[in-house]
Number of protein chains: 2
Amino acid sequence: MNPDIKQALQDIVGAQNFTDALVDLVTYSYDASEYHHRPEAAVWAETTQQVSAILQLACAYKIPVTPRGAGTGLSGVTVPLLGGIVLDLSKMNRILRISIEDRLVVVQPGVVYAALDEALKPYGFFYPPDPASSRVATLGGNVATNAGGMKGAKYGTTRDYVLALEVVLADGTILRPGVGVMKCSSGYDLVRLFVGSEGTLGVVTEITLKINPRPRAVSTCTAFFDDLKGAGQAVAEIMQSGIIPSALEILDDQCILCLNQALNLNLTPAAALLVAETDGYTREEVDYQMSKVLEAFRHHQAKEIRQADAPEQAEPLWAARRAIYGAVAHLYPHIIVEDVTVPISQVVAMLEGIQALRERYQVVIPVLGHIGDGNLHPYLTYDGADPAQKELIKKVEAELSALAIRLGGTLTGEHGIGIGKARFMELEHDAGEMRLMNGLKRLLDPENILNPGKMGLEA
Amino acid sequence: MNPDIKQALQDIVGAQNFTDALVDLVTYSYDASEYHHRPEAAVWAETTQQVSAILQLACAYKIPVTPRGAGTGLSGVTVPLLGGIVLDLSKMNRILRISIEDRLVVVQPGVVYAALDEALKPYGFFYPPDPASSRVATLGGNVATNAGGMKGAKYGTTRDYVLALEVVLADGTILRPGVGVMKCSSGYDLVRLFVGSEGTLGVVTEITLKINPRPRAVSTCTAFFDDLKGAGQAVAEIMQSGIIPSALEILDDQCILCLNQALNLNLTPAAALLVAETDGYTREEVDYQMSKVLEAFRHHQAKEIRQADAPEQAEPLWAARRAIYGAVAHLYPHIIVEDVTVPISQVVAMLEGIQALRERYQVVIPVLGHIGDGNLHPYLTYDGADPAQKELIKKVEAELSALAIRLGGTLTGEHGIGIGKARFMELEHDAGEMRLMNGLKRLLDPENILNPGKMGLEA
C-alpha cells in the first residue's frame with residue numbers, strides 16, 4: 001500500500017487500528033464462504049467520523065473499501081474481491097439505547113445478536129430475526145444481508161425491523177435516514193435502500209431496530225416422514241390451518257444419514273425430519289397452535305412424533321437440528337451452503353429437484369430448510385482438492401439456482417448475493433431491474449469504491 | 001389538450017376510457033385533502049400495456065401523469081398539481097390470485113381493501129394494514145402512501161407486506177421487482193423503493209401481498225381518563241407489559257365534546273377516552289393481554305372501564321371511535337387531518353403541545369390517535385371562507401409539524417407527504433437525504449412526468 005495512504009489511514013484511526021501485517025491480511029481474505037481475496041490493509045473504525053474520513057480518503061484515491069463485521073457471511077459479501085481496504089466495524093459494538101416504551105433499540109453495527117438478546121431478556125423483549133450465526137454475527141452484517149433465521153415465517157426478516165440508520169455514503173457524507181417511530185410515510189424509503197445492499201451503497205454506522213415482547217410459552221415437536229411428499233403436505237396443511245409456527249424446520253434423508261454417521265445420533269432413517277415450534281403468551285395459545293401442527297403431522301403419516309412443552313424438555317428435540325451443520329462439515333470439509341427460497345407450495349418440487357441433481361451428478365447434498373417460509377439450505381458437498389469435483393459442484397449450483405427461479409423463487413432468502421450468486425443475478429432479475437440496480441449503485445457510489453465486484457453489478 | 005395527444009390516448013385506452021369533460025375534470029381535481037388542481041384529461045387504464053403506452057406517450061410529450069385510485073388521500077397525493085393526465089387505475093380491480101398455502105395474494109391496484117378482506121374471510125386469513133378508508137380506498141393507493149391503520153402497532157404497515165410488484169416506469173418499461181416468497185435478499189430492495197413513493201417513481205399495476213391468519217378471538221375495552229398524563233402513563237405501562245394490543249386508540253377532550261355536540265352521545269367529559277383491543281387464537285391469550293391493559297388502566301385512575309369479549313358486545317365500545325371523523329366534519333366543514341407520529345414516550349408531550357397551540361391561537365383541534373404506535377391525527381379545524389383563518393391554521397400546522405420533528409417523530413405516519421407536507425420536508429430530512437431523494441427521482445423519472453410537484457422534490 002502506498003505509504004501516503006497508509007499514513008493517512010493511521011492518522012484517521014490511530015496506528016493501533018491499522019494493519020497490513022500478512023497474518024491479518026490473510027484472515028481478512030476470508031468469510032465463511034469458499035471465496036477469498038487478500039486486501040492491502042485493514043482498519044478498525046471506532047467512530048462514525050472515522051468511517052467518514054476513511055471513505056473520503058478512499059474516494060479520493062479510488063481505493064475499494066469492504067465493510068466487515070464478524071465475517072460469518074456465506075456468500076462472500078465481505079471478501080475484498082478487488083483488494084483495497086477492509087473496514088472492520090466490530091469495535092463499534094455498543095448498545096446505545098434500549099427504550100422499551102418506544103419499542104426500539106439503537107445499536108452500533110458491531111453489536112452481536114446474542115449480546116443484544118442478553119440485554120433485552122431482563123425486559124421481556126427480544127429482537128426476532130436470529131440467524132444461525134447469532135452468537136457471533138453482527139447486527140451490521142444482518143442489515144447488510146437482510147438476515148433472516150428460523151423465525152422468518154412468523155416474525156419476518158431484518159428489513160421488517162430496521163426503523164432508522166446512520167449510514168456513511170461513499171463520499172463521506174453522513175446520512176441519518178428513517179426515524180425511531182413505529183410508522184413513517186415521509187418521502188422515499190431510504191432506510192430499506194440500504195438494508196440488504198451488502199455494503200455496496202454505504203457503510204452502516206448506527207441501527208435503530210424495532211423490538212417485540214418475548215413469548216412467554218413455547219411448545220416443540222419433532223416427527224419423521226417416510227415420504228417427502230407427505231412431509232410437504234403436512235407443511236401445506238399447517239400453513240393453511242390458520243396458525244403460523246414460530247419455527248418449522250426440515251432435515252432431509254441425507255441430513256439424517258450425516259447425523260448418524262458423524263455423531264451416532266441413531267436417528268430413524270427417513271425421508272424427512274420436521275421440527276416445529278409454536279409460541280405465545282399463554283399455554284393455551286401455544287397448545288392450540290401445536291394441536292394444528294400435530295393434526296397435520298398425523299394426517300400425513302408422521303412417525304415417532306415427540307412433543308415437549310418445557311424448554312429443557314425441548315432441548316433434545318432440537319439436538320439434531322442444531323448439530324446438522326457441524327455433522328455435514330465433519331464429513332465433508334468443503335461445502336457450499338445454498339440459500340434458495342421458493343413458494344411454500346413449491347418446496348417439495350424443489351426438494352425433488354435436488355434429489356434428481358444428486359442422482360444425476362452423484363453428489364451428496366443434505367438439505368436443511370426453514371420449510372415454513374420456503375427457505376432451503378442445500379449443503380453442496382465436494383472435494384476441494386479435486387478441480388473436476390469443484391467444477392461439477394459449480395454446475396450443480398447453477399442448475400439448483402435455475403430451478404429455484406423456475407419454481408417462482410429467489411436465489412437467496414437470507415444470505416445475500418455477494419460473490420457466490422453474482423453469476424446468477426440475471427436469472428432472477430431482468431434487464432430493467434439490473435439497469436435500475438446499476439443506476440442506484442452509480443448514483444450512490446459513482447467511483448465504485450464500496451465493496452466493488454459484488455452482486456453482479458457492472459464493474 | 002392537444003388533439004393529437006387526445007387522439008393517441010383514445011387509441012390506447014378506447015374513447016370510452018378517456019375524458020376531458022369538465023364535470024370529470026372537476027372531480028379529478030380533488031382528493032380528500034383541501035388541495036385541488038384541474039387536469040387536462042383523465043384516462044381509465046385496464047391493462048399494464050395501456051399504462052405503459054400512456055407513459056411512453058406522456059414521456060415523449062413531457063405531460064404530467066398523476067396515478068389515482070379512489071382519491072381518498074388526505075395529503076393531496078393524487079391531486080394533479082401541474083395538470084396533465086390523471087391516470088385512473090380503479091378499473092384494474094381484479095384479485096388475480098389467492099394462495100393460502102403460499103400466504104400471499106396477487107391483486108391489481110384498483111382492488112379495494114374491503115373486497116380483499118371479504119375474499120380472504122372464508123379462508124380464515126386477512127391482510128392486516130387496514131386504513132380507516134378501507135371500505136373505499138384501493139390497495140394501489142395504500143402502496144403509494146405506505147398506508148397503516150389501527151393495527152399498525154401489532155401488525156406493521158403496508159411496506160411490511162408487499163412481497164413483489166409490477167411497476168411501469170416513466171419511460172414505459174415494465175418492471176417486476178420482488179418475488180412471491182416469504183424471504184428475499186437478492187439485490188437491492190427495489191420493491192420498497194416504490195412503496196410509499198406516492199406515484200412519483202412509477203405506476204404500480206400489480207401487487208403481491210403477504211397475508212396472515214385471522215385472529216379467532218378478540219377483546220375490547222374502553223376507559224376515560226381525567227388526566228392526559230394518566231392516559232399517557234397507562235399507554236406506557238401497556239407497551240412495557242410485554243404485550244402488543246391489536247388496537248390502542250385515543251380520543252381527546254375536544255373529540256369527546258364534538259361527539260356529544262354533533263351526535264348527542266352523552267359521553268363523560270374527560271381528558272381522554274382510550275379504546276383498546278387485543279387479539280389471538282384463543283380466549284386465554286386474548287384475556288391475558290387484556291388483563292395487562294386493564295391493570296394499566298386501573299393503575300392510572302381510569303374511569304368507566306367497559307369491556308366486551310364478543311364482537312357484537314364490542315360494537316358499542318367502538319361507536320365513539322368510528323363516529324369521530326363524521327362528528328368533527330359535521331361541526332367544522334373545513335379540516336386538515338394531520339398525521340404526525342412520535343415515539344410513544346413523547347405522545348403526551350405532543351398532545352400537550354397541541355393543547356398549547358389551541359390556547360395560543362384559539363382554534364379547535366380535536367385529536368384522534370393510534371396511540372399504541374405514536375401516530376396522531378389532530379383535526380385542524382378552520383373556516384375555509386375566511387382567508388385569515390386559513391392562514392392561521394397553516395401557521396398552526398407548521399408549528400405542529402415542527403414540534404413532531406423536535407420530539408423525534410415524523411411528519412406523516414401513514415398519509416404521505418403529497419402537497420400538504422411538502423413544505424415541511426426539510427424539517428425532517430437534511431440536505432443529504434433531500435439530495436438522495438432528488439437523485440432517485442431523476443434516476444427513475446428524468447423528465448419529471450410522474451406526479452410532479454409532490455413531496456418537496458425539485459421541480
# chains A, B, ... in the order shown; residues from 1 in each chain; ligands from 1
$ residues_around --residues "segment 238-242 of chain B" --least-positions-apart "2" --cutoff "12 Å" --atoms "only C-alpha atoms" --output "count of residues only"
58
$ select_by_dssp --residues "segment 50-224 of chain A" --states "strand (DSSP E)" --output "ChimeraX atom specification"
/A:65-68,85-88,95-99,104-107,125-126,162-168,174-175,203-210,212-213,217-224
$ atom_distance --atom1 "atom CA of Gly409 of chain A" --atom2 "atom CA of Asp339 of chain A"
10.7 Å
$ closest_residue --among "B:Asp189, B:Glu285, B:Glu312, B:Glu391" --to "Met434 of chain A" --atoms "only C-alpha atoms"
B:Asp189
$ residues_around --residues "Gln307 of chain B" --least-positions-apart "6" --cutoff "7 Å" --atoms "only C-alpha atoms" --output "PDB file with N, CA and C atoms, in the first residue's frame"
ATOM      1  N   THR B 220     -62.240  -6.220  23.730  1.00  0.00           N
ATOM      2  CA  THR B 220     -62.224  -4.767  23.540  1.00  0.00           C
ATOM      3  C   THR B 220     -62.518  -4.098  24.861  1.00  0.00           C
ATOM      4  N   CYS B 221     -61.874  -2.979  25.139  1.00  0.00           N
ATOM      5  CA  CYS B 221     -62.294  -2.202  26.310  1.00  0.00           C
ATOM      6  C   CYS B 221     -62.131  -0.723  26.069  1.00  0.00           C
ATOM      7  N   THR B 222     -62.882   0.038  26.817  1.00  0.00           N
ATOM      8  CA  THR B 222     -62.785   1.490  26.760  1.00  0.00           C
ATOM      9  C   THR B 222     -62.639   2.030  28.175  1.00  0.00           C
TER      10      THR B 222
END
$ closest_residue --among "A:Thr48, A:Thr200, A:Ser186, A:Gln362" --to "chain B" --atoms "only C-alpha atoms"
A:Ser186
$ residues_around --residues "Val79 of chain B" --least-positions-apart "3" --cutoff "10 Å" --atoms "only C-alpha atoms" --output "number ranges by chain"
B: 28-39, 66-68, 71, 73, 75-76, 82-83, 86, 418-419, 451, 453-454
$ write_last_selection --atoms "N, CA, C and O atoms" --output "compact mmCIF listing (two decimals), in the first residue's frame"
# COMPACT_ATOMS: atom_id res chain seq x y z
N TYR B 28 -61.78 15.08 -10.79
CA TYR B 28 -60.38 14.63 -10.69
C TYR B 28 -59.43 15.70 -10.17
O TYR B 28 -58.24 15.47 -10.06
N SER B 29 -59.97 16.88 -9.87
CA SER B 29 -59.15 17.94 -9.29
C SER B 29 -58.87 17.71 -7.82
O SER B 29 -57.96 18.30 -7.26
N TYR B 30 -59.70 16.88 -7.21
CA TYR B 30 -59.70 16.75 -5.75
C TYR B 30 -59.27 15.36 -5.27
O TYR B 30 -59.46 14.37 -5.97
N ASP B 31 -58.74 15.32 -4.06
CA ASP B 31 -58.77 14.07 -3.29
C ASP B 31 -59.48 14.43 -1.97
O ASP B 31 -60.35 15.30 -2.00
N ALA B 32 -59.14 13.79 -0.86
CA ALA B 32 -59.84 14.11 0.39
C ALA B 32 -59.14 15.22 1.19
O ALA B 32 -59.49 15.48 2.33
N SER B 33 -58.16 15.87 0.57
CA SER B 33 -57.47 16.97 1.25
C SER B 33 -58.09 18.30 0.82
O SER B 33 -59.06 18.32 0.08
N GLU B 34 -57.50 19.42 1.27
CA GLU B 34 -58.04 20.73 0.90
C GLU B 34 -57.45 21.24 -0.42
O GLU B 34 -57.77 22.34 -0.85
N TYR B 35 -56.60 20.42 -1.07
CA TYR B 35 -55.95 20.88 -2.29
C TYR B 35 -56.74 20.49 -3.53
O TYR B 35 -57.49 19.52 -3.52
N HIS B 36 -56.57 21.24 -4.59
CA HIS B 36 -57.22 20.87 -5.85
C HIS B 36 -56.51 21.55 -7.01
O HIS B 36 -55.95 22.65 -6.87
N HIS B 37 -56.53 20.88 -8.14
CA HIS B 37 -55.99 21.45 -9.38
C HIS B 37 -56.54 20.61 -10.51
O HIS B 37 -56.55 19.39 -10.44
N ARG B 38 -56.95 21.26 -11.57
CA ARG B 38 -57.64 20.56 -12.63
C ARG B 38 -56.66 19.92 -13.62
O ARG B 38 -55.68 20.56 -14.03
N PRO B 39 -56.90 18.67 -13.98
CA PRO B 39 -56.08 18.05 -15.03
C PRO B 39 -56.60 18.47 -16.41
O PRO B 39 -57.68 19.06 -16.50
N THR B 66 -50.65 11.79 -13.24
CA THR B 66 -50.91 11.56 -11.82
C THR B 66 -51.75 10.30 -11.66
O THR B 66 -52.93 10.30 -12.01
N PRO B 67 -51.15 9.23 -11.15
CA PRO B 67 -51.93 7.99 -10.94
C PRO B 67 -52.93 8.20 -9.80
O PRO B 67 -52.66 8.97 -8.88
N ARG B 68 -54.05 7.51 -9.87
CA ARG B 68 -55.12 7.72 -8.89
C ARG B 68 -55.92 6.46 -8.69
O ARG B 68 -56.18 5.71 -9.64
N GLY B 71 -59.04 8.11 -4.66
CA GLY B 71 -58.99 9.53 -4.32
C GLY B 71 -59.31 9.85 -2.88
O GLY B 71 -59.79 10.92 -2.55
N GLY B 73 -57.04 10.01 -0.47
CA GLY B 73 -55.84 10.52 0.18
C GLY B 73 -56.09 11.83 0.91
O GLY B 73 -56.93 12.63 0.50
N SER B 75 -53.48 13.99 1.77
CA SER B 75 -52.32 14.88 1.64
C SER B 75 -52.20 15.48 0.25
O SER B 75 -51.19 16.08 -0.08
N GLY B 76 -53.19 15.25 -0.60
CA GLY B 76 -53.10 15.78 -1.95
C GLY B 76 -52.24 14.95 -2.89
O GLY B 76 -51.86 15.43 -3.97
N LEU B 82 -49.79 19.84 -11.48
CA LEU B 82 -49.30 20.52 -12.68
C LEU B 82 -50.16 20.18 -13.89
O LEU B 82 -49.70 20.23 -15.04
N GLY B 83 -51.40 19.80 -13.66
CA GLY B 83 -52.30 19.50 -14.77
C GLY B 83 -51.97 18.17 -15.42
O GLY B 83 -51.68 17.19 -14.74
N VAL B 86 -54.74 12.61 -15.53
CA VAL B 86 -54.98 11.74 -14.38
C VAL B 86 -55.14 10.31 -14.90
O VAL B 86 -55.91 10.06 -15.82
N GLY B 418 -47.29 14.17 -0.09
CA GLY B 418 -48.14 14.82 -1.09
C GLY B 418 -47.82 16.28 -1.27
O GLY B 418 -46.65 16.68 -1.42
N ILE B 419 -48.89 17.10 -1.24
CA ILE B 419 -48.72 18.55 -1.33
C ILE B 419 -48.66 19.12 0.08
O ILE B 419 -47.85 19.98 0.39
N ASN B 451 -46.36 12.33 -11.40
CA ASN B 451 -46.91 13.05 -10.23
C ASN B 451 -45.98 14.18 -9.78
O ASN B 451 -45.60 14.24 -8.60
N GLY B 453 -44.31 17.78 -8.66
CA GLY B 453 -44.70 18.84 -7.73
C GLY B 453 -45.03 18.34 -6.34
O GLY B 453 -45.49 19.10 -5.49
N LYS B 454 -44.78 17.05 -6.08
CA LYS B 454 -45.12 16.48 -4.78
C LYS B 454 -43.86 16.25 -3.93
O LYS B 454 -42.76 16.25 -4.44
$ atom_distance --atom1 "atom CA of Val167 of chain B" --atom2 "atom CA of Lys421 of chain A"
25.2 Å
$ closest_residue --among "A:Leu228, A:Val364, A:Glu433, A:Glu447" --to "Glu166 of chain B" --atoms "only C-alpha atoms"
A:Glu433
$ residues_around --residues "Phe225 of chain B" --least-positions-apart "2" --cutoff "9 Å" --atoms "only C-alpha atoms" --output "list in words"
Ala223, Asp227, Leu228, Lys229, Gly230, Ala231, Ala270, Ala271, Ala272, Leu273, Leu274, Phe297, His300, Gln301, Ala302, Lys303 and Glu304 of chain B
$ residues_around --residues "Trp44 of chain B" --least-positions-apart "6" --cutoff "8 Å" --atoms "only C-alpha atoms" --output "CSV table (one decimal) with C-alpha atoms, in the first residue's frame"
chain,number,residue,atom,x,y,z
B,13,VAL,CA,-57.5,3.1,-23.9
B,17,ASN,CA,-61.9,5.3,-21.2
B,18,PHE,CA,-60.9,8.9,-22.0
B,87,LEU,CA,-54.4,8.0,-14.8
B,88,ASP,CA,-57.3,6.3,-13.0
B,89,LEU,CA,-56.5,2.7,-12.1
B,90,SER,CA,-59.8,1.9,-10.3
B,91,LYS,CA,-60.9,-0.3,-13.2
$ atom_distance --atom1 "atom CA of Leu450 of chain A" --atom2 "atom CA of Thr412 of chain A"
21.3 Å
$ closest_residue --among "B:His334, B:Arg159, B:Lys395, B:Arg97" --to "chain A" --atoms "only C-alpha atoms"
B:Arg159
$ residues_around --residues "segment 173-184 of chain B" --least-positions-apart "5" --cutoff "9 Å" --atoms "only C-alpha atoms" --output "JSON, numbers by chain"
{"A": [146, 148, 152, 153, 156, 157, 341, 342, 343, 344, 373, 374, 375, 408, 409, 410, 411, 412, 413, 414, 415, 416, 429, 430, 432, 433], "B": [48, 49, 52, 55, 56, 102, 103, 104, 105, 106, 162, 163, 164, 165, 166, 167, 168, 189, 190, 191, 206, 208, 209, 210]}
$ closest_residue --among "A:Leu251, A:Ala147, A:Ala53, A:Val348" --to "chain B" --atoms "only C-alpha atoms"
A:Ala147
